[in-house]
file model.cif (mmCIF, C-alpha atoms and all ligand atoms)
data_target
loop_
_atom_site.label_atom_id
_atom_site.label_comp_id
_atom_site.auth_asym_id
_atom_site.auth_seq_id
_atom_site.Cartn_x
_atom_site.Cartn_y
_atom_site.Cartn_z
CA MET F 303 10.71 18.77 8.70
CA LEU F 304 9.58 16.96 11.81
CA ASP F 305 12.05 14.31 12.77
CA TYR F 306 11.40 10.86 14.08
CA PHE F 307 12.03 11.72 17.73
CA LEU F 308 9.75 14.70 17.74
CA LEU F 309 6.97 12.65 16.15
CA LYS F 310 7.50 9.86 18.69
CA THR F 311 7.28 12.42 21.48
CA LEU F 312 4.09 13.85 20.04
CA HIS F 313 2.69 10.34 19.97
CA ARG F 314 3.56 9.75 23.61
CA ILE F 315 1.74 12.93 24.57
CA HIS F 316 -1.30 11.88 22.55
CA PRO F 317 -1.71 9.63 19.45
CA ASN F 318 -4.20 12.13 18.04
CA LEU F 319 -1.44 14.71 17.71
CA ILE F 320 0.20 12.56 15.04
CA TRP F 321 -3.03 12.38 13.09
CA ARG F 322 -3.46 16.14 13.46
CA GLU F 323 0.01 16.62 12.06
CA TYR F 324 -0.86 14.32 9.13
CA ALA F 325 -4.08 16.26 8.56
CA ARG F 326 -2.28 19.61 8.72
CA LYS F 327 0.03 18.49 5.90
CA SER F 328 -2.70 16.76 3.90
CA LYS F 329 -4.89 19.87 3.98
CA LYS F 330 -2.43 21.56 1.65
CA ILE F 331 -3.30 19.15 -1.16
CA LEU F 332 -6.80 17.89 -0.25
CA TYR F 333 -10.11 19.58 0.42
CA GLU F 334 -11.91 16.34 1.35
CA SER F 335 -10.91 12.88 2.50
CA HIS F 336 -10.04 10.20 -0.03
CA PHE F 337 -9.67 6.46 0.29
CA ILE F 338 -7.48 4.09 -1.71
CA LEU F 339 -7.68 0.36 -1.05
CA SER F 340 -4.97 -1.77 -2.60
CA PHE F 341 -4.45 -5.52 -2.55
CA ASP F 342 -1.10 -7.27 -2.67
CA CYS F 343 -1.82 -10.68 -4.16
CA ASP F 344 1.21 -12.65 -3.06
CA THR F 345 -0.06 -16.26 -3.10
CA GLU F 346 -2.09 -18.64 -5.24
CA GLU F 347 -4.84 -18.48 -2.60
CA ASP F 348 -5.30 -14.84 -3.57
CA ILE F 349 -6.04 -15.95 -7.14
CA GLU F 350 -8.84 -18.20 -5.86
CA VAL F 351 -10.62 -15.53 -3.84
CA ALA F 352 -9.68 -12.25 -5.59
CA LEU F 353 -12.63 -12.04 -7.96
CA GLY F 354 -15.19 -12.77 -5.21
CA VAL F 355 -13.66 -10.14 -2.93
CA HIS F 356 -13.46 -7.67 -5.81
CA SER F 357 -17.13 -8.07 -6.78
CA LYS F 358 -18.27 -7.69 -3.20
CA LEU F 359 -16.30 -4.46 -2.81
CA GLN F 360 -17.51 -3.07 -6.12
CA GLU F 361 -21.09 -3.61 -4.96
CA MET F 362 -20.16 -1.34 -2.06
CA GLY F 363 -18.79 1.28 -4.45
CA ILE F 364 -15.13 0.46 -3.84
CA THR F 365 -12.72 -0.50 -6.63
CA PRO F 366 -9.44 -1.78 -5.22
CA VAL F 367 -6.02 -1.38 -6.84
CA TYR F 368 -3.97 -4.56 -7.45
CA ALA F 369 -0.28 -5.28 -6.88
CA VAL F 370 0.46 -8.78 -8.15
CA PRO F 371 3.97 -10.20 -8.65
CA GLY F 372 4.55 -11.07 -12.34
CA GLU F 373 4.80 -14.83 -11.83
CA LEU F 374 1.46 -14.90 -10.02
CA LEU F 375 -0.14 -12.53 -12.51
CA ARG F 376 0.67 -15.07 -15.20
CA LYS F 377 -0.61 -18.00 -13.10
CA GLY F 378 -3.86 -16.17 -12.37
CA GLU F 379 -4.19 -14.37 -15.68
CA LYS F 380 -7.85 -15.26 -16.25
CA VAL F 381 -8.89 -13.89 -12.87
CA TYR F 382 -6.77 -10.77 -13.10
CA GLN F 383 -7.88 -10.02 -16.65
CA LYS F 384 -11.51 -10.16 -15.46
CA ILE F 385 -10.72 -7.82 -12.58
CA TYR F 386 -8.86 -5.45 -14.89
CA GLN F 387 -11.87 -5.31 -17.23
CA THR F 388 -14.01 -3.90 -14.39
CA GLY F 389 -11.80 -0.80 -14.31
CA ALA F 390 -9.31 -1.75 -11.60
CA GLU F 391 -5.86 -0.19 -11.61
CA PHE F 392 -2.85 -2.55 -11.56
CA ILE F 393 0.60 -1.56 -10.34
CA ASN F 394 3.94 -3.31 -10.65
CA HIS F 395 4.83 -5.47 -7.62
CA GLY F 396 7.99 -7.08 -9.01
CA GLY F 397 8.44 -10.14 -11.15
CA ARG F 398 9.35 -13.00 -8.86
CA GLU F 399 7.15 -14.53 -6.20
CA HIS F 400 8.17 -13.24 -2.77
CA THR F 401 6.42 -15.80 -0.58
CA TYR F 402 6.76 -19.59 -0.42
CA PHE F 403 4.80 -22.34 1.27
CA ASP F 404 6.55 -23.47 4.43
CA THR F 405 5.61 -27.16 4.67
CA VAL F 406 7.04 -27.52 8.19
CA HIS F 407 4.67 -24.91 9.64
CA ASN F 408 2.03 -25.44 6.98
CA ARG F 409 1.75 -21.78 6.07
CA HIS F 410 3.06 -19.12 3.71
CA ALA F 411 6.27 -17.34 4.59
CA SER F 412 8.06 -14.36 3.08
CA CYS F 413 11.16 -14.53 0.92
CA PHE F 414 13.03 -12.46 -1.69
CA PHE F 415 13.42 -9.41 0.55
CA TYR F 416 14.54 -6.42 -1.47
CA ASP F 417 17.08 -5.26 1.11
CA GLN F 418 18.93 -8.58 0.73
CA GLN F 419 19.41 -8.52 -3.06
CA SER F 420 21.94 -6.81 -5.28
CA PHE F 421 20.75 -3.73 -7.17
CA ASN F 422 21.19 -5.68 -10.42
CA ILE F 423 18.76 -8.38 -9.31
CA LEU F 424 16.32 -5.76 -8.08
CA LYS F 425 16.41 -3.88 -11.34
CA GLU F 426 15.78 -7.11 -13.20
CA ASP F 427 12.84 -7.89 -10.91
CA ILE F 428 11.27 -4.46 -11.47
CA PHE F 429 11.60 -4.93 -15.24
CA LEU F 430 10.13 -8.46 -15.02
CA GLY F 431 7.08 -7.16 -13.18
CA HIS F 432 6.70 -4.39 -15.76
CA GLN F 433 6.89 -6.90 -18.60
CA ALA F 434 4.31 -9.23 -17.00
CA LEU F 435 1.74 -6.41 -16.83
CA GLN F 436 2.36 -5.70 -20.51
CA ASP F 437 2.03 -9.36 -21.47
CA VAL F 438 -0.99 -10.29 -19.33
CA LEU F 439 -3.04 -7.08 -19.29
CA GLY F 440 -1.54 -5.14 -22.18
CA ILE F 441 -0.78 -2.14 -19.98
CA THR F 442 2.30 -0.02 -19.43
CA ALA F 443 2.42 0.35 -15.66
CA LYS F 444 2.87 3.78 -14.09
CA GLY F 445 2.97 2.80 -10.42
CA TRP F 446 4.93 0.59 -8.11
CA ARG F 447 4.81 -1.18 -4.73
CA THR F 448 8.01 -2.71 -3.36
CA PRO F 449 7.63 -6.32 -2.16
CA HIS F 450 7.90 -6.40 1.68
CA PHE F 451 8.60 -2.65 1.54
CA GLY F 452 8.99 -2.29 5.34
CA THR F 453 12.61 -3.43 5.10
CA PHE F 454 13.40 -1.26 2.08
CA GLN F 455 13.15 2.25 3.51
CA LYS F 456 16.72 3.54 3.70
CA THR F 457 17.65 6.62 1.71
CA GLN F 458 19.92 4.59 -0.60
CA HIS F 459 17.13 2.04 -1.17
CA LEU F 460 14.60 4.68 -2.16
CA GLU F 461 17.04 6.66 -4.27
CA PHE F 462 17.91 3.52 -6.21
CA LEU F 463 14.24 2.61 -6.58
CA TYR F 464 13.15 6.02 -7.84
CA ARG F 465 16.03 6.05 -10.35
CA VAL F 466 14.88 2.75 -11.86
CA LEU F 467 11.22 3.79 -11.83
CA LYS F 468 12.12 7.03 -13.57
CA GLU F 469 13.96 5.04 -16.23
CA LEU F 470 10.70 3.16 -16.86
CA ASP F 471 8.82 6.49 -16.93
CA TYR F 472 6.77 5.66 -13.82
CA GLN F 473 4.82 8.36 -12.01
CA PHE F 474 4.37 6.97 -8.54
CA SER F 475 5.29 4.49 -5.86
CA THR F 476 3.33 3.49 -2.77
CA SER F 477 6.09 1.81 -0.86
CA THR F 478 6.85 3.85 2.25
CA ILE F 479 5.83 3.41 5.87
CA PRO F 480 3.34 5.68 7.67
CA ILE F 481 5.91 7.98 9.29
CA LYS F 482 6.65 9.48 5.87
CA GLY F 483 3.07 10.66 5.77
CA TYR F 484 3.44 12.45 9.10
CA GLN F 485 6.66 14.05 7.85
CA TYR F 486 5.61 15.02 4.33
CA GLY F 487 1.84 14.53 3.97
CA SER F 488 -0.45 12.15 2.03
CA ALA F 489 1.79 12.26 -1.04
CA TYR F 490 5.04 13.98 -1.94
CA LYS F 491 7.58 14.06 -4.73
CA SER F 492 11.05 12.65 -4.39
CA ASN F 493 13.51 12.27 -7.27
CA HIS F 494 10.74 12.85 -9.84
CA ILE F 495 8.53 10.09 -8.43
CA THR F 496 5.41 10.74 -6.35
CA GLU F 497 5.43 8.63 -3.22
CA ILE F 498 2.18 7.79 -1.43
CA PRO F 499 2.88 6.37 2.06
CA VAL F 500 0.58 3.70 3.48
CA THR F 501 -1.71 4.44 6.40
CA GLY F 502 -0.91 3.54 10.00
CA MET F 503 -3.13 2.03 12.68
CA PHE F 504 -5.18 4.71 14.39
CA GLY F 505 -4.04 3.78 17.91
CA GLU F 506 -0.48 2.87 16.83
CA PRO F 507 0.21 5.32 14.02
CA PHE F 508 3.77 4.12 13.39
CA ASN F 509 2.59 0.61 12.51
CA ILE F 510 1.08 -0.24 9.13
CA MET F 511 -2.63 -1.02 9.21
CA ASP F 512 -2.46 -4.17 7.07
CA THR F 513 -4.66 -7.25 7.06
CA TRP F 514 -1.70 -9.44 8.05
CA ALA F 515 -1.51 -7.94 11.55
CA TYR F 516 -5.23 -8.33 12.31
CA PHE F 517 -6.36 -11.34 10.29
CA ALA F 518 -3.44 -13.55 9.29
CA ALA F 519 -0.15 -13.36 11.22
CA PRO F 520 0.36 -16.68 13.05
CA ASP F 521 1.47 -14.85 16.21
CA ARG F 522 -1.05 -12.04 15.93
CA VAL F 523 -2.35 -10.30 19.03
CA LYS F 524 -4.85 -8.14 17.17
CA THR F 525 -8.35 -9.26 16.22
CA PRO F 526 -10.68 -8.64 13.26
CA GLY F 527 -12.94 -6.71 15.66
CA GLU F 528 -10.04 -4.40 16.45
CA TYR F 529 -9.50 -3.84 12.72
CA LYS F 530 -13.09 -2.68 12.43
CA GLU F 531 -12.74 -0.49 15.49
CA ALA F 532 -9.53 1.10 14.17
CA SER F 533 -11.27 1.73 10.84
CA HIS F 534 -14.20 3.44 12.54
CA LYS F 535 -11.84 5.70 14.47
CA LEU F 536 -9.94 6.52 11.30
CA ALA F 537 -13.21 7.24 9.49
CA ALA F 538 -14.39 9.51 12.30
CA PHE F 539 -11.13 11.47 12.14
CA ALA F 540 -11.27 11.65 8.33
CA SER F 541 -14.78 13.04 8.43
CA ASP F 542 -13.48 16.08 10.34
CA HIS F 543 -10.11 16.43 8.60
CA PRO F 544 -9.33 15.95 4.90
CA ILE F 545 -6.75 13.15 4.67
CA LEU F 546 -5.84 10.29 2.38
CA ILE F 547 -6.51 6.81 3.74
CA ASN F 548 -4.20 4.44 1.84
CA ILE F 549 -4.90 0.96 3.16
CA TYR F 550 -3.64 -2.31 1.82
CA GLY F 551 -4.25 -5.96 2.44
CA ASP F 552 -4.25 -9.42 0.88
CA PRO F 553 -7.56 -10.88 -0.41
CA SER F 554 -6.85 -14.33 1.05
CA HIS F 555 -6.63 -12.84 4.57
CA ILE F 556 -10.08 -11.29 4.48
CA HIS F 557 -12.28 -13.01 1.87
CA ASP F 558 -14.43 -14.61 4.60
CA GLN F 559 -14.16 -11.85 7.21
CA PRO F 560 -17.30 -9.69 7.61
CA ASP F 561 -15.38 -7.29 9.88
CA PHE F 562 -13.14 -6.35 6.98
CA PHE F 563 -16.00 -5.53 4.63
CA GLN F 564 -17.83 -3.56 7.33
CA ALA F 565 -14.62 -1.64 8.01
CA MET F 566 -14.22 -0.75 4.33
CA GLN F 567 -17.84 0.34 4.15
CA ALA F 568 -17.37 2.65 7.14
CA ILE F 569 -14.36 4.30 5.50
CA ALA F 570 -15.96 4.55 2.06
CA LYS F 571 -18.94 6.32 3.62
CA ILE F 572 -16.86 9.33 4.61
CA ALA F 573 -13.89 9.21 2.20
CA LYS F 574 -14.18 9.23 -1.58
CA ASN F 575 -12.82 6.02 -3.11
CA VAL F 576 -10.28 6.62 -5.88
CA ASN F 577 -7.28 4.84 -7.37
CA TYR F 578 -3.71 6.14 -7.38
CA THR F 579 -3.88 7.68 -10.84
CA GLN F 580 -7.06 9.58 -9.98
CA PHE F 581 -5.53 10.75 -6.72
CA LEU F 582 -2.44 12.06 -8.52
CA GLU F 583 -4.45 13.87 -11.16
CA MET F 584 -6.13 15.76 -8.37
CA THR F 585 -3.12 16.57 -6.23
CA ASP F 586 -0.07 16.50 -8.47
CA GLU F 587 0.55 20.19 -9.03
CA ASN F 588 0.43 21.01 -5.32
CA LEU F 589 2.78 18.30 -4.11
CA ARG F 590 5.78 19.09 -2.05
CA HIS F 591 9.22 18.11 -3.38
CA ILE F 592 11.65 16.56 -0.97
CA ARG F 593 15.15 15.21 -1.37
ZN ZN E 601 3.80 -8.61 -1.87
#
call {"tool": "encode", "arguments": {"input": "model.cif", "output": "structure tokens", "more": "lines below"}}
Ligand SMILES: [Zn+2]
result
Amino acid sequence: MLDYFLLKTLHRIHPNLIWREYARKSKKILYESHFILSFDCDTEEDIEVALGVHSKLQEMGITPVYAVPGELLRKGEKVYQKIYQTGAEFINHGGREHTYFDTVHNRHASCFFYDQQSFNILKEDIFLGHQALQDVLGITAKGWRTPHFGTFQKTQHLEFLYRVLKELDYQFSTSTIPIKGYQYGSAYKSNHITEIPVTGMFGEPFNIMDTWAYFAAPDRVKTPGEYKEASHKLAAFASDHPILINIYGDPSHIHDQPDFFQAMQAIAKIAKNVNYTQFLEMTDENLRHIR
């Protein structure tokens, strides 16, 4: 296994070496590039714009996957039921809301970080999210995304998580940071759960390529144009090397951003759009098992 320091060194020599390493591992399970787009819908603003964003993407041949906290799934049930009926996959994203509206700064802020809760509360939250998907959409979820997963990456966090997911008979989680992809490939098995790491920025492969960084963070230094540029570079790389592109964002960040839709189009042109279940059906038997 390549450790963190070796990967960092590779990156200092040339960022492309990291992507080559990712491609080398992905090649073992993929013969062509695939693209999964998932949306975390963490606010009520997402409910307002989700269907519009969804329809626009479907016209481009892309069907996103949805991760909606249970409380918001219930609040937006009409919208999410409509989206579900178009064939979109939904995964469990916990029960409680994990953002709040900060009236002092007039913007949404994060709360309910998983690394700051007891395991009992976390287990309850995972079950609440599971129940909400059953109640609102009538489905038994098979996949999971940890709320604010960047701070929930320690071995003991993930071991706990996979134990609870196994108890619920889940198949997969997509809750790890990009470095896991460079270490183990596009997807790997750990404690009976398949983990699918999210994709990093092309020029900064250790940072998550999310819409927050480019379109929404109040202190952002990146621009929508740079998101499009990074997507084009990623697409160019993926056209030469079979990899999984596993990008996520929030609909409210990008609903009125042409650069986002152009970026998705560029990726979908060279990488086949699938959802997590379809991706697993294709790769499952060849996945590597790690501890
Ligand atoms: Zn979230």
call {"tool": "residues_near_ligand", "arguments": {"input": "model.cif", "ligand": "ligand ZN 601 (chain E)", "cutoff": "7 Å", "atoms": "only C-alpha atoms and all ligand atoms", "output": "PyMOL selection string"}}
result
chain F and resi 342-344+371+395+400+449-450
call {"tool": "write_last_selection", "arguments": {"input": "model.cif", "atoms": "C-alpha atoms", "output": "PDB file, in the coordinates of the input"}}
result
ATOM      1  CA  ASP F 342      -1.100  -7.270  -2.670  1.00  0.00           C
ATOM      2  CA  CYS F 343      -1.820 -10.680  -4.160  1.00  0.00           C
ATOM      3  CA  ASP F 344       1.210 -12.650  -3.060  1.00  0.00           C
ATOM      4  CA  PRO F 371       3.970 -10.200  -8.650  1.00  0.00           C
ATOM      5  CA  HIS F 395       4.830  -5.470  -7.620  1.00  0.00           C
ATOM      6  CA  HIS F 400       8.170 -13.240  -2.770  1.00  0.00           C
ATOM      7  CA  PRO F 449       7.630  -6.320  -2.160  1.00  0.00           C
ATOM      8  CA  HIS F 450       7.900  -6.400   1.680  1.00  0.00           C
TER       9      HIS F 450
END
call {"tool": "residues_near_point", "arguments": {"input": "model.cif", "point": "(-8.7, -14.2, 7.5)", "cutoff": "6 Å", "atoms": "all atoms listed in the file", "output": "PyMOL selection string"}}
result
chain F and resi 517-518+555-556+559
call {"tool": "write_last_selection", "arguments": {"input": "model.cif", "atoms": "C-alpha atoms", "output": "compact mmCIF listing (two decimals), in the coordinates of the input"}}
result
# COMPACT_ATOMS: atom_id res chain seq x y z
CA PHE F 517 -6.36 -11.34 10.29
CA ALA F 518 -3.44 -13.55 9.29
CA HIS F 555 -6.63 -12.84 4.57
CA ILE F 556 -10.08 -11.29 4.48
CA GLN F 559 -14.16 -11.85 7.21
call {"tool": "closest_atom_pairs", "arguments": {"input": "model.cif", "of": "stretch 438-487 of chain F", "to": "stretch 493-514 of chain F", "cutoff": "8 Å", "atoms": "all atoms listed in the file", "output": "tab-separated table"}}
result
residue	atom	partner	partner_atom	distance
F:Glu461	CA	F:Asn493	CA	7.3
F:Tyr464	CA	F:Ile495	CA	6.2
F:Arg465	CA	F:Asn493	CA	7.4
F:Leu467	CA	F:Ile495	CA	7.6
F:Lys468	CA	F:Ile495	CA	7.0
F:Tyr472	CA	F:Ile495	CA	7.2
F:Gln473	CA	F:Ile495	CA	5.4
F:Phe474	CA	F:Thr496	CA	4.5
F:Ser475	CA	F:Glu497	CA	4.9
F:Thr476	CA	F:Ile498	CA	4.6
F:Ser477	CA	F:Pro499	CA	6.3
F:Thr478	CA	F:Pro499	CA	4.7
F:Ile479	CA	F:Pro499	CA	5.7
F:Pro480	CA	F:Gly502	CA	5.3
F:Ile481	CA	F:Phe508	CA	6.0
F:Lys482	CA	F:Pro499	CA	6.2
F:Gly483	CA	F:Pro499	CA	5.7
call {"tool": "write_last_selection", "arguments": {"input": "model.cif", "atoms": "C-alpha atoms", "output": "PDB file, keeping the file's coordinate frame"}}
result
ATOM      1  CA  GLU F 461      17.040   6.660  -4.270  1.00  0.00           C
ATOM      2  CA  TYR F 464      13.150   6.020  -7.840  1.00  0.00           C
ATOM      3  CA  ARG F 465      16.030   6.050 -10.350  1.00  0.00           C
ATOM      4  CA  LEU F 467      11.220   3.790 -11.830  1.00  0.00           C
ATOM      5  CA  LYS F 468      12.120   7.030 -13.570  1.00  0.00           C
ATOM      6  CA  TYR F 472       6.770   5.660 -13.820  1.00  0.00           C
ATOM      7  CA  GLN F 473       4.820   8.360 -12.010  1.00  0.00           C
ATOM      8  CA  PHE F 474       4.370   6.970  -8.540  1.00  0.00           C
ATOM      9  CA  SER F 475       5.290   4.490  -5.860  1.00  0.00           C
ATOM     10  CA  THR F 476       3.330   3.490  -2.770  1.00  0.00           C
ATOM     11  CA  SER F 477       6.090   1.810  -0.860  1.00  0.00           C
ATOM     12  CA  THR F 478       6.850   3.850   2.250  1.00  0.00           C
ATOM     13  CA  ILE F 479       5.830   3.410   5.870  1.00  0.00           C
ATOM     14  CA  PRO F 480       3.340   5.680   7.670  1.00  0.00           C
ATOM     15  CA  ILE F 481       5.910   7.980   9.290  1.00  0.00           C
ATOM     16  CA  LYS F 482       6.650   9.480   5.870  1.00  0.00           C
ATOM     17  CA  GLY F 483       3.070  10.660   5.770  1.00  0.00           C
TER      18      GLY F 483
END
call {"tool": "closest_residue", "arguments": {"input": "model.cif", "among": "F:Thr448, F:Gln485, F:Gln436, F:Thr442", "to": "F:Ile320", "atoms": "only C-alpha atoms"}}
result
F:Gln485
call {"tool": "residues_around", "arguments": {"input": "model.cif", "residues": "F:Lys571", "least_positions_apart": "2", "cutoff": "10 Å", "atoms": "all atoms listed in the file", "output": "list in words"}}
result
Phe337, Met362, Gly363, Ala537, Ser541, Met566, Gln567, Ala568, Ile569, Ala573, Lys574 and Asn575 of chain F
call {"tool": "closest_residue", "arguments": {"input": "model.cif", "among": "F:Asn548, F:Gln433, F:Ser533, F:Asn588", "to": "F:Ala565", "atoms": "only C-alpha atoms"}}
result
F:Ser533
call {"tool": "axis_aligned_box", "arguments": {"input": "model.cif", "around": "stretch 358-373 of chain F", "padding_each_side": "4 Å", "output": "AutoDock Vina command-line options"}}
result
--center_x -8.1 --center_y -6.8 --center_z -7.2 --size_x 33.9 --size_y 24.1 --size_z 18.3
call {"tool": "build_atoms", "arguments": {"input": "model.cif", "residues": "stretch 491-517 of chain F", "atoms": "N, CA and C atoms", "output": "compact mmCIF listing (two decimals), in the frame of the given file"}}
result
# COMPACT_ATOMS: atom_id res chain seq x y z
N LYS F 491 6.69 14.43 -3.63
CA LYS F 491 7.58 14.06 -4.73
C LYS F 491 9.01 13.92 -4.25
N SER F 492 9.65 12.86 -4.73
CA SER F 492 11.05 12.65 -4.39
C SER F 492 11.73 12.09 -5.63
N ASN F 493 12.79 12.73 -6.08
CA ASN F 493 13.51 12.27 -7.27
C ASN F 493 12.57 11.99 -8.45
N HIS F 494 11.66 12.90 -8.69
CA HIS F 494 10.74 12.85 -9.84
C HIS F 494 9.64 11.80 -9.73
N ILE F 495 9.59 11.08 -8.63
CA ILE F 495 8.53 10.09 -8.43
C ILE F 495 7.64 10.56 -7.29
N THR F 496 6.32 10.42 -7.45
CA THR F 496 5.41 10.74 -6.35
C THR F 496 5.31 9.52 -5.45
N GLU F 497 5.53 9.73 -4.18
CA GLU F 497 5.43 8.63 -3.22
C GLU F 497 4.16 8.83 -2.38
N ILE F 498 3.43 7.74 -2.19
CA ILE F 498 2.18 7.79 -1.43
C ILE F 498 2.31 6.79 -0.26
N PRO F 499 2.65 7.29 0.93
CA PRO F 499 2.88 6.37 2.06
C PRO F 499 1.60 5.63 2.44
N VAL F 500 1.76 4.44 3.02
CA VAL F 500 0.58 3.70 3.48
C VAL F 500 0.14 4.21 4.85
N THR F 501 -1.10 3.92 5.18
CA THR F 501 -1.71 4.44 6.40
C THR F 501 -1.37 3.57 7.62
N GLY F 502 -1.20 4.24 8.75
CA GLY F 502 -0.91 3.54 10.00
C GLY F 502 -2.17 3.19 10.77
N MET F 503 -2.00 2.37 11.80
CA MET F 503 -3.13 2.03 12.68
C MET F 503 -3.52 3.26 13.48
N PHE F 504 -4.79 3.47 13.72
CA PHE F 504 -5.18 4.71 14.39
C PHE F 504 -4.55 4.82 15.79
N GLY F 505 -4.58 3.75 16.55
CA GLY F 505 -4.04 3.78 17.91
C GLY F 505 -2.54 3.59 17.98
N GLU F 506 -1.94 3.09 16.89
CA GLU F 506 -0.48 2.87 16.83
C GLU F 506 0.01 3.41 15.49
N PRO F 507 0.03 4.73 15.35
CA PRO F 507 0.21 5.32 14.02
C PRO F 507 1.53 5.00 13.32
N PHE F 508 2.51 4.46 14.06
CA PHE F 508 3.77 4.12 13.39
C PHE F 508 3.75 2.73 12.78
N ASN F 509 2.71 1.95 13.08
CA ASN F 509 2.59 0.61 12.51
C ASN F 509 1.59 0.59 11.35
N ILE F 510 1.93 -0.17 10.33
CA ILE F 510 1.08 -0.24 9.13
C ILE F 510 -0.23 -0.95 9.46
N MET F 511 -1.33 -0.38 9.00
CA MET F 511 -2.63 -1.02 9.21
C MET F 511 -2.89 -2.01 8.07
N ASP F 512 -2.25 -3.18 8.14
CA ASP F 512 -2.46 -4.17 7.07
C ASP F 512 -3.30 -5.34 7.58
N THR F 513 -3.80 -6.13 6.66
CA THR F 513 -4.66 -7.25 7.06
C THR F 513 -3.85 -8.36 7.73
N TRP F 514 -2.58 -8.43 7.44
CA TRP F 514 -1.70 -9.44 8.05
C TRP F 514 -1.76 -9.34 9.57
N ALA F 515 -1.59 -8.13 10.09
CA ALA F 515 -1.51 -7.94 11.55
C ALA F 515 -2.80 -8.33 12.26
N TYR F 516 -3.94 -8.11 11.62
CA TYR F 516 -5.23 -8.33 12.31
C TYR F 516 -5.90 -9.66 11.96
N PHE F 517 -5.60 -10.18 10.76
CA PHE F 517 -6.36 -11.34 10.29
C PHE F 517 -5.50 -12.59 10.04
